[in-house]
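Q: Got a file for you: query.cif, mmCIF, C-alpha atoms.
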```cif
data_run
#
loop_
_atom_site.label_atom_id
_atom_site.label_comp_id
_atom_site.auth_asym_id
_atom_site.auth_seq_id
_atom_site.Cartn_x
_atom_site.Cartn_y
_atom_site.Cartn_z
CA MET C 1050 0.00 0.00 0.00
CA THR C 1051 1.36 3.42 -0.96
CA PHE C 1052 -0.70 5.36 1.59
CA ASP C 1053 -2.15 4.64 5.01
CA LEU C 1054 -4.96 7.07 4.23
CA VAL C 1055 -6.13 9.13 1.29
CA VAL C 1056 -8.66 11.94 1.73
CA SER C 1057 -10.14 12.69 -1.66
CA GLY C 1058 -12.07 15.58 -3.15
CA ALA C 1059 -11.75 18.17 -0.38
CA ARG C 1060 -10.97 21.84 -0.89
CA LEU C 1061 -7.50 22.13 0.60
CA PHE C 1062 -7.28 25.54 2.29
CA ASP C 1063 -3.96 26.61 3.76
CA PRO C 1064 -3.69 30.39 3.23
CA ALA C 1065 -0.15 30.59 4.60
CA ARG C 1066 0.99 28.41 1.68
CA GLY C 1067 -1.39 29.94 -0.86
CA LEU C 1068 -3.24 26.64 -1.07
CA ASP C 1069 -6.88 26.81 -2.12
CA HIS C 1070 -7.91 24.10 -4.55
CA VAL C 1071 -9.50 20.66 -4.71
CA ARG C 1072 -6.91 17.92 -4.35
CA ASP C 1073 -6.36 14.54 -2.77
CA ILE C 1074 -4.04 14.33 0.19
CA GLY C 1075 -2.19 11.13 1.12
CA PHE C 1076 -0.84 10.23 4.54
CA ARG C 1077 1.91 7.77 5.40
CA ASN C 1078 3.68 6.98 8.68
CA GLY C 1079 1.90 9.76 10.53
CA ARG C 1080 2.83 12.50 8.07
CA ILE C 1081 1.53 14.14 4.92
CA ALA C 1082 3.14 12.14 2.13
CA GLU C 1083 1.72 13.63 -1.06
CA ILE C 1084 -0.80 16.14 -2.41
CA GLY C 1085 -2.18 15.59 -5.90
CA LYS C 1086 -4.94 14.08 -8.02
CA ASP C 1087 -6.25 10.50 -8.04
CA LEU C 1088 -3.86 9.41 -5.30
CA ALA C 1089 -5.94 6.39 -4.35
CA GLN C 1090 -4.98 4.66 -7.62
CA HIS C 1091 -1.55 4.14 -6.09
CA GLY C 1092 -3.08 2.18 -3.22
CA ALA C 1093 -4.49 3.23 0.14
CA ALA C 1094 -5.34 1.29 3.28
CA ARG C 1095 -8.28 3.65 3.73
CA LEU C 1096 -10.00 6.06 1.39
CA VAL C 1097 -12.24 8.88 2.63
CA GLN C 1098 -14.38 10.84 0.19
CA ALA C 1099 -14.57 14.46 1.37
CA ASN C 1100 -16.34 16.18 -1.52
CA GLY C 1101 -17.85 19.49 -0.45
CA LEU C 1102 -15.67 19.81 2.64
CA MET C 1103 -12.86 22.25 3.33
CA ALA C 1104 -9.62 20.67 4.54
CA LEU C 1105 -7.67 22.85 6.97
CA PRO C 1106 -4.39 22.14 8.74
CA GLY C 1107 -5.12 20.44 12.05
CA LEU C 1108 -6.60 23.05 14.37
CA ILE C 1109 -4.39 24.31 17.20
CA ASP C 1110 -6.12 25.56 20.33
CA PHE C 1111 -3.28 27.70 21.59
CA ARG C 1112 -4.71 28.45 25.02
CA ALA C 1113 -6.50 25.70 26.90
CA HIS C 1114 -6.47 23.98 30.27
CA VAL C 1115 -6.37 20.22 29.81
CA TYR C 1116 -4.62 18.89 32.92
CA TRP C 1117 -7.76 16.88 33.62
CA GLY C 1118 -7.76 15.17 37.02
CA GLY C 1119 -4.59 16.91 38.12
CA THR C 1120 -6.00 20.43 38.44
CA SER C 1121 -9.44 21.66 39.34
CA LEU C 1122 -9.85 23.66 36.12
CA GLY C 1123 -8.74 20.99 33.63
CA VAL C 1124 -11.00 19.44 30.99
CA ASP C 1125 -10.41 16.29 28.96
CA ALA C 1126 -8.53 17.20 25.78
CA ASP C 1127 -9.78 14.27 23.73
CA SER C 1128 -13.43 14.99 24.54
CA VAL C 1129 -13.12 18.63 23.47
CA GLY C 1130 -10.97 17.67 20.49
CA ARG C 1131 -13.49 15.13 19.21
CA ARG C 1132 -16.29 17.70 18.99
CA SER C 1133 -14.21 20.61 17.71
CA GLY C 1134 -11.66 19.05 15.38
CA THR C 1135 -8.78 20.26 17.54
CA THR C 1136 -5.68 18.15 16.94
CA THR C 1137 -3.23 20.10 19.12
CA PHE C 1138 -3.91 21.73 22.48
CA VAL C 1139 -1.47 24.10 24.14
CA ASP C 1140 -2.02 24.05 27.86
CA ALA C 1141 -1.58 27.56 29.23
CA GLY C 1142 0.13 27.09 32.56
CA SER C 1143 -2.06 24.55 34.34
CA ALA C 1144 1.12 22.90 35.62
CA GLY C 1145 4.17 24.45 37.22
CA ALA C 1146 7.49 22.91 38.17
CA GLY C 1147 5.89 20.99 41.01
CA ASN C 1148 3.39 19.04 38.92
CA MET C 1149 4.64 19.16 35.32
CA PRO C 1150 6.03 15.58 35.52
CA GLY C 1151 2.58 14.28 36.48
CA PHE C 1152 0.94 16.27 33.69
CA VAL C 1153 3.31 14.74 31.15
CA LYS C 1154 3.09 11.14 32.41
CA HIS C 1155 -0.61 10.92 33.25
CA VAL C 1156 -2.21 13.20 30.64
CA ILE C 1157 0.06 14.30 27.79
CA GLU C 1158 1.57 10.88 27.07
CA ARG C 1159 -1.84 9.17 27.25
CA SER C 1160 -3.81 11.64 25.17
CA GLU C 1161 -4.81 10.92 21.57
CA THR C 1162 -4.72 14.63 20.77
CA ARG C 1163 -1.33 16.29 20.90
CA ILE C 1164 -0.72 18.40 24.00
CA LEU C 1165 2.08 20.94 24.43
CA ALA C 1166 2.44 23.19 27.46
CA TYR C 1167 3.46 26.54 28.85
CA ILE C 1168 5.00 25.95 32.27
CA ASN C 1169 3.51 28.16 34.96
CA VAL C 1170 5.90 30.54 36.70
CA SER C 1171 4.27 29.37 39.95
CA PHE C 1172 5.66 26.12 41.35
CA ALA C 1173 2.15 24.80 42.08
CA GLY C 1174 0.54 25.72 38.78
CA ILE C 1175 -3.11 26.77 38.84
CA PHE C 1176 -4.27 24.95 41.95
CA GLY C 1177 -7.36 26.83 43.17
CA PHE C 1178 -9.78 27.47 40.30
CA SER C 1179 -13.44 26.50 40.45
CA LYS C 1180 -16.89 27.99 40.99
CA GLU C 1181 -16.41 27.73 44.75
CA VAL C 1182 -12.65 28.20 45.22
CA MET C 1183 -10.57 30.88 43.51
CA VAL C 1184 -7.01 31.39 44.73
CA GLY C 1185 -4.45 32.96 42.43
CA GLU C 1186 -1.25 30.94 42.17
CA CYS C 1187 0.87 34.11 41.93
CA GLN C 1188 -0.45 35.74 45.10
CA ASP C 1189 2.35 34.19 47.17
CA LEU C 1190 5.73 35.08 45.71
CA ARG C 1191 7.33 32.23 47.63
CA LEU C 1192 5.88 29.91 44.98
CA LEU C 1193 7.71 31.69 42.15
CA ASN C 1194 11.05 29.92 42.02
CA ALA C 1195 12.89 30.64 38.78
CA ARG C 1196 15.51 27.90 39.21
CA GLU C 1197 12.91 25.19 39.71
CA ALA C 1198 10.97 26.31 36.64
CA VAL C 1199 14.11 26.25 34.49
CA ARG C 1200 15.17 22.85 35.82
CA VAL C 1201 11.83 21.18 35.11
CA ALA C 1202 11.34 22.86 31.73
CA ARG C 1203 14.71 21.47 30.65
CA ASP C 1204 13.55 18.00 31.70
CA PHE C 1205 10.68 18.20 29.20
CA PRO C 1206 11.94 20.03 26.10
CA ALA C 1207 9.53 18.18 23.79
CA GLN C 1208 6.49 19.33 25.77
CA VAL C 1209 7.31 22.78 27.20
CA VAL C 1210 7.00 25.53 24.59
CA GLY C 1211 6.89 28.63 26.79
CA VAL C 1212 6.44 30.21 30.22
CA LYS C 1213 3.07 31.39 31.53
CA ALA C 1214 2.44 34.18 34.01
CA ARG C 1215 -1.01 35.15 35.25
CA VAL C 1216 -0.86 38.72 36.50
CA GLY C 1217 -3.66 40.84 37.85
CA PHE C 1218 -5.64 41.22 41.03
CA ASN C 1219 -7.40 37.84 40.70
CA ALA C 1220 -4.33 35.81 39.79
CA GLY C 1221 -1.64 37.69 41.67
CA GLY C 1222 -3.27 39.79 44.39
CA SER C 1223 -0.92 42.62 45.26
CA SER C 1224 2.13 41.09 43.52
CA GLY C 1225 1.69 43.43 40.56
CA ALA C 1226 4.01 42.77 37.62
CA ALA C 1227 6.55 40.77 39.67
CA PRO C 1228 5.34 37.35 38.38
CA LEU C 1229 5.76 38.55 34.80
CA ASP C 1230 9.26 39.84 35.52
CA ILE C 1231 10.22 36.45 36.93
CA ALA C 1232 8.60 34.65 33.99
CA ILE C 1233 10.61 36.72 31.53
CA GLU C 1234 13.79 35.91 33.45
CA ILE C 1235 12.96 32.21 33.15
CA ALA C 1236 12.04 32.52 29.48
CA GLU C 1237 15.27 34.30 28.62
CA GLU C 1238 17.25 31.53 30.29
CA LEU C 1239 15.34 28.90 28.29
CA ASP C 1240 15.07 30.93 25.05
CA LEU C 1241 11.29 30.56 25.07
CA PRO C 1242 8.37 33.00 24.73
CA VAL C 1243 6.19 34.23 27.58
CA MET C 1244 2.41 34.22 27.66
CA ALA C 1245 0.96 36.93 29.89
CA HIS C 1246 -2.56 36.69 31.28
CA ILE C 1247 -4.02 39.97 32.42
CA ASP C 1248 -7.18 40.47 34.46
CA PHE C 1249 -7.99 43.33 36.86
CA PRO C 1250 -5.28 45.83 37.84
CA PRO C 1251 -2.75 45.84 39.38
CA PRO C 1252 -0.73 45.67 37.20
CA SER C 1253 -2.06 47.96 34.52
CA ARG C 1254 -2.30 47.02 30.90
CA ASP C 1255 0.56 49.40 30.04
CA GLU C 1256 2.85 47.90 32.70
CA VAL C 1257 2.37 44.48 31.12
CA LEU C 1258 2.77 45.65 27.53
CA ALA C 1259 5.98 47.52 28.31
CA ARG C 1260 7.60 44.28 29.49
CA LEU C 1261 6.59 41.97 26.63
CA ARG C 1262 9.15 41.21 23.94
CA PRO C 1263 8.58 40.48 20.24
CA GLY C 1264 7.21 36.95 20.05
CA ASP C 1265 5.71 37.06 23.53
CA ILE C 1266 1.95 36.61 23.78
CA LEU C 1267 -0.65 38.87 25.35
CA THR C 1268 -3.65 36.66 26.00
CA HIS C 1269 -7.17 37.98 26.68
CA CYS C 1270 -6.13 40.71 24.26
CA PHE C 1271 -9.73 41.87 23.69
CA ARG C 1272 -10.85 41.55 27.28
CA PRO C 1273 -13.61 43.75 28.74
CA PHE C 1274 -13.06 46.77 31.01
CA PRO C 1275 -10.88 47.20 33.05
CA ASN C 1276 -7.57 46.67 31.25
CA ALA C 1277 -9.49 46.64 27.95
CA PRO C 1278 -7.65 47.47 24.70
CA ILE C 1279 -10.04 50.34 23.92
CA ASP C 1280 -10.78 53.58 25.73
CA GLY C 1281 -14.21 54.85 26.79
CA ARG C 1282 -14.85 56.22 23.30
CA GLY C 1283 -14.17 52.86 21.70
CA LYS C 1284 -10.77 53.82 20.25
CA VAL C 1285 -7.95 51.30 20.33
CA ARG C 1286 -5.28 52.58 22.69
CA ASP C 1287 -1.94 53.71 21.27
CA THR C 1288 0.00 51.47 23.66
CA ILE C 1289 -1.90 48.45 22.28
CA LEU C 1290 -1.12 49.40 18.70
CA LYS C 1291 2.56 50.05 19.43
CA ALA C 1292 2.97 46.72 21.24
CA HIS C 1293 1.42 44.88 18.32
CA GLN C 1294 3.58 46.76 15.84
CA ARG C 1295 6.76 45.74 17.63
CA GLY C 1296 5.85 42.06 17.46
CA VAL C 1297 3.84 41.18 20.58
CA LEU C 1298 1.33 38.51 19.54
CA PHE C 1299 -2.30 39.07 20.47
CA ASP C 1300 -4.23 35.98 21.53
CA ILE C 1301 -7.97 35.94 22.23
CA GLY C 1302 -8.06 33.45 25.13
CA HIS C 1303 -11.87 33.62 25.25
CA GLY C 1304 -12.56 31.59 28.40
CA TYR C 1305 -15.13 32.58 30.98
CA GLY C 1306 -14.14 36.25 31.26
CA GLY C 1307 -11.44 36.96 28.68
CA PHE C 1308 -13.31 38.22 25.61
CA ALA C 1309 -16.04 40.78 24.99
CA PHE C 1310 -17.74 41.77 21.74
CA LYS C 1311 -17.40 45.52 22.30
CA PRO C 1312 -13.58 45.74 22.29
CA GLY C 1313 -13.33 42.88 19.79
CA LYS C 1314 -15.60 44.51 17.21
CA ALA C 1315 -14.02 47.94 17.78
CA ALA C 1316 -10.54 46.53 17.22
CA LEU C 1317 -11.56 44.69 14.04
CA ASP C 1318 -13.31 47.78 12.69
CA GLN C 1319 -10.12 49.79 13.27
CA GLY C 1320 -7.96 47.26 11.46
CA LEU C 1321 -6.49 45.45 14.48
CA MET C 1322 -6.94 41.70 14.16
CA PRO C 1323 -5.90 39.11 16.73
CA ASP C 1324 -2.94 36.97 15.74
CA ILE C 1325 -4.28 33.87 17.47
CA LEU C 1326 -7.80 32.62 18.17
CA SER C 1327 -7.96 30.34 21.20
CA SER C 1328 -10.72 29.07 23.44
CA ASP C 1329 -9.19 29.13 26.93
CA VAL C 1330 -11.41 26.12 27.51
CA HIS C 1331 -11.63 25.03 31.16
CA VAL C 1332 -14.29 23.87 33.62
CA LEU C 1333 -16.00 27.27 33.71
CA SER C 1334 -16.02 27.87 29.94
CA VAL C 1335 -16.34 24.44 28.29
CA ASP C 1336 -20.15 24.65 28.35
CA GLY C 1337 -20.12 28.32 27.31
CA PRO C 1338 -19.41 31.02 26.55
CA ALA C 1339 -16.21 29.75 24.86
CA TYR C 1340 -17.05 26.05 24.27
CA ASP C 1341 -14.06 25.27 22.00
CA VAL C 1342 -11.84 26.73 19.31
CA LEU C 1343 -14.24 25.87 16.46
CA ASN C 1344 -16.89 27.97 18.17
CA VAL C 1345 -14.43 30.85 18.62
CA MET C 1346 -13.59 30.64 14.91
CA SER C 1347 -17.28 30.91 14.03
CA LYS C 1348 -17.66 33.83 16.41
CA PHE C 1349 -14.89 35.83 14.74
CA LEU C 1350 -16.13 34.97 11.28
CA ALA C 1351 -19.45 36.45 12.38
CA LEU C 1352 -17.69 39.58 13.63
CA GLY C 1353 -16.18 40.16 10.19
CA MET C 1354 -12.72 38.59 10.42
CA PRO C 1355 -11.77 37.31 6.94
CA LEU C 1356 -11.76 33.54 6.40
CA ASP C 1357 -8.05 33.32 5.61
CA ALA C 1358 -7.17 35.32 8.74
CA VAL C 1359 -9.38 33.07 10.88
CA VAL C 1360 -7.64 29.96 9.54
CA LYS C 1361 -4.13 31.38 9.98
CA ALA C 1362 -5.01 32.28 13.59
CA VAL C 1363 -5.64 28.63 14.49
CA THR C 1364 -2.92 27.03 12.35
CA THR C 1365 0.11 28.87 11.01
CA THR C 1366 0.51 31.63 13.59
CA PRO C 1367 0.24 29.48 16.74
CA ALA C 1368 2.60 26.94 15.16
CA LYS C 1369 5.12 29.70 14.45
CA ALA C 1370 4.72 31.08 17.98
CA MET C 1371 5.72 27.64 19.31
CA ARG C 1372 8.52 27.29 16.74
CA ARG C 1373 6.85 24.15 15.40
CA PRO C 1374 6.90 24.42 11.58
CA ASP C 1375 5.72 20.81 11.31
CA LEU C 1376 2.34 21.82 12.79
CA GLY C 1377 -0.41 24.03 11.38
CA THR C 1378 0.32 23.37 7.71
CA LEU C 1379 -0.71 21.12 4.84
CA ALA C 1380 2.84 20.83 3.58
CA VAL C 1381 4.33 17.54 2.45
CA ASP C 1382 6.27 15.91 5.33
CA ALA C 1383 4.37 17.94 7.95
CA LEU C 1384 2.73 16.04 10.78
CA GLY C 1385 -0.41 14.30 9.53
CA ASP C 1386 -3.10 16.42 11.18
CA MET C 1387 -6.03 17.82 9.21
CA THR C 1388 -9.44 19.19 10.17
CA LEU C 1389 -12.31 18.96 7.70
CA VAL C 1390 -15.07 21.54 8.04
CA SER C 1391 -17.99 22.96 6.13
CA LEU C 1392 -19.19 26.54 6.13
CA VAL C 1393 -22.92 26.47 6.68
CA ASP C 1394 -25.43 29.29 6.32
CA GLU C 1395 -27.20 29.19 9.64
CA PRO C 1396 -28.15 32.14 11.87
CA THR C 1397 -26.38 31.56 15.18
CA THR C 1398 -26.37 33.70 18.30
CA TYR C 1399 -23.12 33.92 20.26
CA ILE C 1400 -22.51 35.10 23.83
CA ASP C 1401 -19.42 36.84 25.17
CA ALA C 1402 -17.96 36.99 28.68
CA MET C 1403 -20.27 39.86 29.63
CA GLY C 1404 -23.43 38.04 28.56
CA GLU C 1405 -23.89 40.21 25.49
CA ARG C 1406 -25.19 38.57 22.31
CA PHE C 1407 -24.19 38.79 18.66
CA THR C 1408 -25.80 36.92 15.76
CA GLY C 1409 -23.89 35.65 12.75
CA THR C 1410 -25.17 34.15 9.50
CA ARG C 1411 -22.45 31.54 8.83
CA LYS C 1412 -20.54 29.12 11.00
CA PHE C 1413 -18.05 26.29 10.83
CA ARG C 1414 -19.29 22.73 11.21
CA LEU C 1415 -16.98 19.80 11.77
CA GLY C 1416 -16.77 17.29 8.91
CA GLY C 1417 -13.96 14.98 9.97
CA VAL C 1418 -10.50 14.76 11.50
CA VAL C 1419 -7.19 13.24 10.49
CA LEU C 1420 -4.97 12.81 13.54
CA ARG C 1421 -1.38 11.60 13.29
CA GLY C 1422 -2.02 10.40 9.75
CA GLN C 1423 -5.10 8.30 10.58
CA TRP C 1424 -8.81 8.99 10.20
CA TRP C 1425 -10.06 9.78 13.71
CA ASP C 1426 -13.16 7.62 13.96
CA LYS C 1427 -13.91 8.97 17.42
CA ALA C 1428 -14.49 12.52 16.16
CA VAL C 1429 -18.07 13.68 16.73
CA ILE C 1430 -19.48 14.61 13.33
CA PRO C 1431 -22.88 16.38 13.37
CA GLY C 1432 -25.52 14.39 11.57
CA GLU C 1433 -23.84 11.00 11.95
CA GLU C 1434 -25.73 8.18 13.59
CA GLY C 1435 -26.26 8.89 17.26
CA GLN C 1436 -25.42 12.57 16.93
CA GLU C 1437 -27.66 15.59 16.72
CA PRO C 1438 -27.37 17.41 13.34
#
```
Show the structure stored in the file as structure tokens.

A:
Amino acid sequence: MTFDLVVSGARLFDPARGLDHVRDIGFRNGRIAEIGKDLAQHGAARLVQANGLMALPGLIDFRAHVYWGGTSLGVDADSVGRRSGTTTFVDAGSAGAGNMPGFVKHVIERSETRILAYINVSFAGIFGFSKEVMVGECQDLRLLNAREAVRVARDFPAQVVGVKARVGFNAGGSSGAAPLDIAIEIAEELDLPVMAHIDFPPPSRDEVLARLRPGDILTHCFRPFPNAPIDGRGKVRDTILKAHQRGVLFDIGHGYGGFAFKPGKAALDQGLMPDILSSDVHVLSVDGPAYDVLNVMSKFLALGMPLDAVVKAVTTTPAKAMRRPDLGTLAVDALGDMTLVSLVDEPTTYIDAMGERFTGTRKFRLGGVVLRGQWWDKAVIPGEEGQEP
């Protein structure tokens, strides 16, 4: 057999490579082996007809919390991946130096979906996060040990792709920007990017932006007031624009409280698009308002973000941010992940973190998943037997 799998007749859409045409795609040994026409004639262990579907690089949910069972906020990556077509999750600091080994052994290595991780600057990771208990892991600076974070990150170079710091009143109490300063120190030692969460001040939005380097990530970039990217008149702040211009990556990180329509629509209308669309899926957001990255994609399509920009924001850009050129692309020899979707005309009402509603006319619907070069039979496809259309 020439191929382990051939997916035939789909519209291959990879805007970063200028790919937008109907072709077959063949997979072998967990990678993309060939793109062309009539590939099945060369032999395939499995053939999938995908006429009418759009084939995207495997979706990357760049900000999620999937340390299920090891942290109170974690959700099961495979369950969310099956319904959303997510093939790679990037866990945003659920684990710190104290529990990263357990995360790797008990979750990452056992997951069908690929999981990479930002190590939390706090030794304990995010340990107190639920509807009833909310304790910020950066409130006690004794937990922020730079040497321990560096040591453990070096033990897991294949899994750790960055350093996460949650700053703000909820996550850090009165510690201000100190956790971010320590995270940057760690990241510079490891030559990795930093992801900065921001909630209520202190620190202020400008204090955080001033510290971030090109390639670092500001998550919750379109969060509601306070620390919103727009002023009271709806104008995008100059400090936001300047940070973006110098190379700070803007990530949505929708979650339970991280995204609001008002700043998001204002930013898009003024020409500022997010670099990365992510769900920030966790126990408080998995059943809404974020749900998963496919829902976030539909939400931004409804807000007016162009299709090619939406796709780049869940494929090419997050892969580049992690320095993983083998992810987020439909290039020959790339890892064999692909998400099949359809664009359906269906009025859908979306809800943001403030409870406000916005109705769109089109949305993405999952059509199938190729994971590690194999058709993922466990993916939940709407309309299949046993599933609601």

Q: Would you list the contacts of Met1322 (chain C) as an NGL selection string, taking every protein, DNA or RNA residue within 10 Å and counting only C-alpha atoms, but skipping same-chain residues closer than 3 positions in sequence?

A: :C and (1271 or 1293 or 1299-1301 or 1313-1314 or 1316-1319 or 1325-1326 or 1349 or 1354-1355 or 1358-1359 or 1362)

Q: Could you turn the residues from that selection into a file that holds C-alpha atoms, as a CSV table (one decimal), in the coordinates of the input?

A:
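Once everything was written out, this is part_14.csv:
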```csv
chain,number,residue,atom,x,y,z
C,1271,PHE,CA,-9.7,41.9,23.7
C,1293,HIS,CA,1.4,44.9,18.3
C,1299,PHE,CA,-2.3,39.1,20.5
C,1300,ASP,CA,-4.2,36.0,21.5
C,1301,ILE,CA,-8.0,35.9,22.2
C,1313,GLY,CA,-13.3,42.9,19.8
C,1314,LYS,CA,-15.6,44.5,17.2
C,1316,ALA,CA,-10.5,46.5,17.2
C,1317,LEU,CA,-11.6,44.7,14.0
C,1318,ASP,CA,-13.3,47.8,12.7
C,1319,GLN,CA,-10.1,49.8,13.3
C,1325,ILE,CA,-4.3,33.9,17.5
C,1326,LEU,CA,-7.8,32.6,18.2
C,1349,PHE,CA,-14.9,35.8,14.7
C,1354,MET,CA,-12.7,38.6,10.4
C,1355,PRO,CA,-11.8,37.3,6.9
C,1358,ALA,CA,-7.2,35.3,8.7
C,1359,VAL,CA,-9.4,33.1,10.9
C,1362,ALA,CA,-5.0,32.3,13.6
```

Q: Translate the PyMOL selection byres ((chain C and resi 1417) around 10) into a concrete residue list for this structure, as a list in words.

A: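 Residues picked by the PyMOL selection byres ((chain C and resi 1417) around 10): Val1097, Ala1099, Leu1102, Met1103, Ala1104, Arg1131, Arg1132, Ser1133, Gly1134, Met1387, Thr1388, Leu1389, Val1390, Ser1391, Arg1414, Leu1415, Gly1416, Val1418, Val1419, Leu1420, Trp1424, Trp1425, Asp1426, Lys1427, Ala1428, Val1429, Ile1430 and Pro1431 of chain C.
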
Q: Expanded to explicit residues, what is the PyMOL selection byres ((chain C and resi 1371) around 12) for this file, as a PDB file with C-alpha atoms, in the frame of the given file?

A:
```pdb
ATOM      1  CA  ILE C1109      -4.390  24.310  17.200  1.00  0.00           C
ATOM      2  CA  PHE C1111      -3.280  27.700  21.590  1.00  0.00           C
ATOM      3  CA  ARG C1112      -4.710  28.450  25.020  1.00  0.00           C
ATOM      4  CA  THR C1137      -3.230  20.100  19.120  1.00  0.00           C
ATOM      5  CA  PHE C1138      -3.910  21.730  22.480  1.00  0.00           C
ATOM      6  CA  VAL C1139      -1.470  24.100  24.140  1.00  0.00           C
ATOM      7  CA  LEU C1165       2.080  20.940  24.430  1.00  0.00           C
ATOM      8  CA  ALA C1166       2.440  23.190  27.460  1.00  0.00           C
ATOM      9  CA  TYR C1167       3.460  26.540  28.850  1.00  0.00           C
ATOM     10  CA  PRO C1206      11.940  20.030  26.100  1.00  0.00           C
ATOM     11  CA  ALA C1207       9.530  18.180  23.790  1.00  0.00           C
ATOM     12  CA  GLN C1208       6.490  19.330  25.770  1.00  0.00           C
ATOM     13  CA  VAL C1209       7.310  22.780  27.200  1.00  0.00           C
ATOM     14  CA  VAL C1210       7.000  25.530  24.590  1.00  0.00           C
ATOM     15  CA  GLY C1211       6.890  28.630  26.790  1.00  0.00           C
ATOM     16  CA  VAL C1212       6.440  30.210  30.220  1.00  0.00           C
ATOM     17  CA  ASP C1240      15.070  30.930  25.050  1.00  0.00           C
ATOM     18  CA  LEU C1241      11.290  30.560  25.070  1.00  0.00           C
ATOM     19  CA  PRO C1242       8.370  33.000  24.730  1.00  0.00           C
ATOM     20  CA  VAL C1243       6.190  34.230  27.580  1.00  0.00           C
ATOM     21  CA  MET C1244       2.410  34.220  27.660  1.00  0.00           C
ATOM     22  CA  GLY C1264       7.210  36.950  20.050  1.00  0.00           C
ATOM     23  CA  ASP C1265       5.710  37.060  23.530  1.00  0.00           C
ATOM     24  CA  ILE C1266       1.950  36.610  23.780  1.00  0.00           C
ATOM     25  CA  LEU C1298       1.330  38.510  19.540  1.00  0.00           C
ATOM     26  CA  ILE C1325      -4.280  33.870  17.470  1.00  0.00           C
ATOM     27  CA  THR C1364      -2.920  27.030  12.350  1.00  0.00           C
ATOM     28  CA  THR C1365       0.110  28.870  11.010  1.00  0.00           C
ATOM     29  CA  THR C1366       0.510  31.630  13.590  1.00  0.00           C
ATOM     30  CA  PRO C1367       0.240  29.480  16.740  1.00  0.00           C
ATOM     31  CA  ALA C1368       2.600  26.940  15.160  1.00  0.00           C
ATOM     32  CA  LYS C1369       5.120  29.700  14.450  1.00  0.00           C
ATOM     33  CA  ALA C1370       4.720  31.080  17.980  1.00  0.00           C
ATOM     34  CA  ARG C1372       8.520  27.290  16.740  1.00  0.00           C
ATOM     35  CA  ARG C1373       6.850  24.150  15.400  1.00  0.00           C
ATOM     36  CA  PRO C1374       6.900  24.420  11.580  1.00  0.00           C
ATOM     37  CA  ASP C1375       5.720  20.810  11.310  1.00  0.00           C
ATOM     38  CA  LEU C1376       2.340  21.820  12.790  1.00  0.00           C
ATOM     39  CA  GLY C1377      -0.410  24.030  11.380  1.00  0.00           C
TER      40      GLY C1377
END
```

Q: When distances are computed from all atoms listed in the file, which of C:Asp1248, C:Asp1127, C:Glu1395, C:Glu1186 shows the smallest separation from Asp1341 (chain C)?

A: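 Going through C:Asp1248, C:Asp1127, C:Glu1395, C:Glu1186 one by one, the smallest distance to Asp1341 (chain C) is for C:Asp1127.
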
Q: Quote the spacing between CA of Gly1404 (chain C) and CA of Ser1179 (chain C) in Å to one decimal place.

A: 19.3 Å

Q: Would you work out the distance separating CA of Pro1064 (chain C) from CA of Thr1410 (chain C), expressed in Å to one decimal?

A: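 Atom-to-atom, CA of Pro1064 (chain C) and CA of Thr1410 (chain C) are spaced 22.7 Å apart.
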
Q: Could you tell me how far CA of Ile1289 (chain C) lies from CA of Gly1221 (chain C), in Å and to one decimal?

A: 22.2 Å

Q: Using all atoms listed in the file, which of the listed residues (C:Arg1060, C:Lys1311, C:Arg1159, C:Arg1203) sits closest to Ala1402 (chain C)?

A: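 The closest residue to Ala1402 (chain C) is C:Lys1311.
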
Q: Can you translate the PyMOL selection byres ((chain C and resi 1085) around 6) into the concrete residues it hits in this file, as a list in words?

A: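 What the PyMOL selection byres ((chain C and resi 1085) around 6) grabs from the file is Arg1072, Asp1073, Ile1084 and Lys1086 of chain C.
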
Q: Pick from C:Leu1350, C:Cys1270, C:Val1360, C:Ala1277: nearest to Asp1394 (chain C), with all atoms listed in the file counted?

A: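 Counting all atoms listed in the file, the residue closest to Asp1394 (chain C) is C:Leu1350.
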
Q: Copy region 1089-1106 of chain C out of the block into a file, keeping C-alpha atoms, as a PDB file, in the first residue's frame.

A:
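File written: result_7.pdb
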```pdb
ATOM      1  CA  ALA C1089      -5.940   6.386  -4.349  1.00  0.00           C
ATOM      2  CA  GLN C1090      -4.979   4.657  -7.615  1.00  0.00           C
ATOM      3  CA  HIS C1091      -1.545   4.141  -6.090  1.00  0.00           C
ATOM      4  CA  GLY C1092      -3.077   2.180  -3.225  1.00  0.00           C
ATOM      5  CA  ALA C1093      -4.495   3.227   0.137  1.00  0.00           C
ATOM      6  CA  ALA C1094      -5.335   1.289   3.285  1.00  0.00           C
ATOM      7  CA  ARG C1095      -8.283   3.647   3.735  1.00  0.00           C
ATOM      8  CA  LEU C1096     -10.000   6.062   1.392  1.00  0.00           C
ATOM      9  CA  VAL C1097     -12.245   8.879   2.633  1.00  0.00           C
ATOM     10  CA  GLN C1098     -14.382  10.841   0.190  1.00  0.00           C
ATOM     11  CA  ALA C1099     -14.567  14.464   1.366  1.00  0.00           C
ATOM     12  CA  ASN C1100     -16.343  16.179  -1.522  1.00  0.00           C
ATOM     13  CA  GLY C1101     -17.847  19.487  -0.452  1.00  0.00           C
ATOM     14  CA  LEU C1102     -15.671  19.808   2.643  1.00  0.00           C
ATOM     15  CA  MET C1103     -12.858  22.251   3.330  1.00  0.00           C
ATOM     16  CA  ALA C1104      -9.615  20.669   4.537  1.00  0.00           C
ATOM     17  CA  LEU C1105      -7.666  22.848   6.971  1.00  0.00           C
ATOM     18  CA  PRO C1106      -4.388  22.137   8.736  1.00  0.00           C
TER      19      PRO C1106
END
```
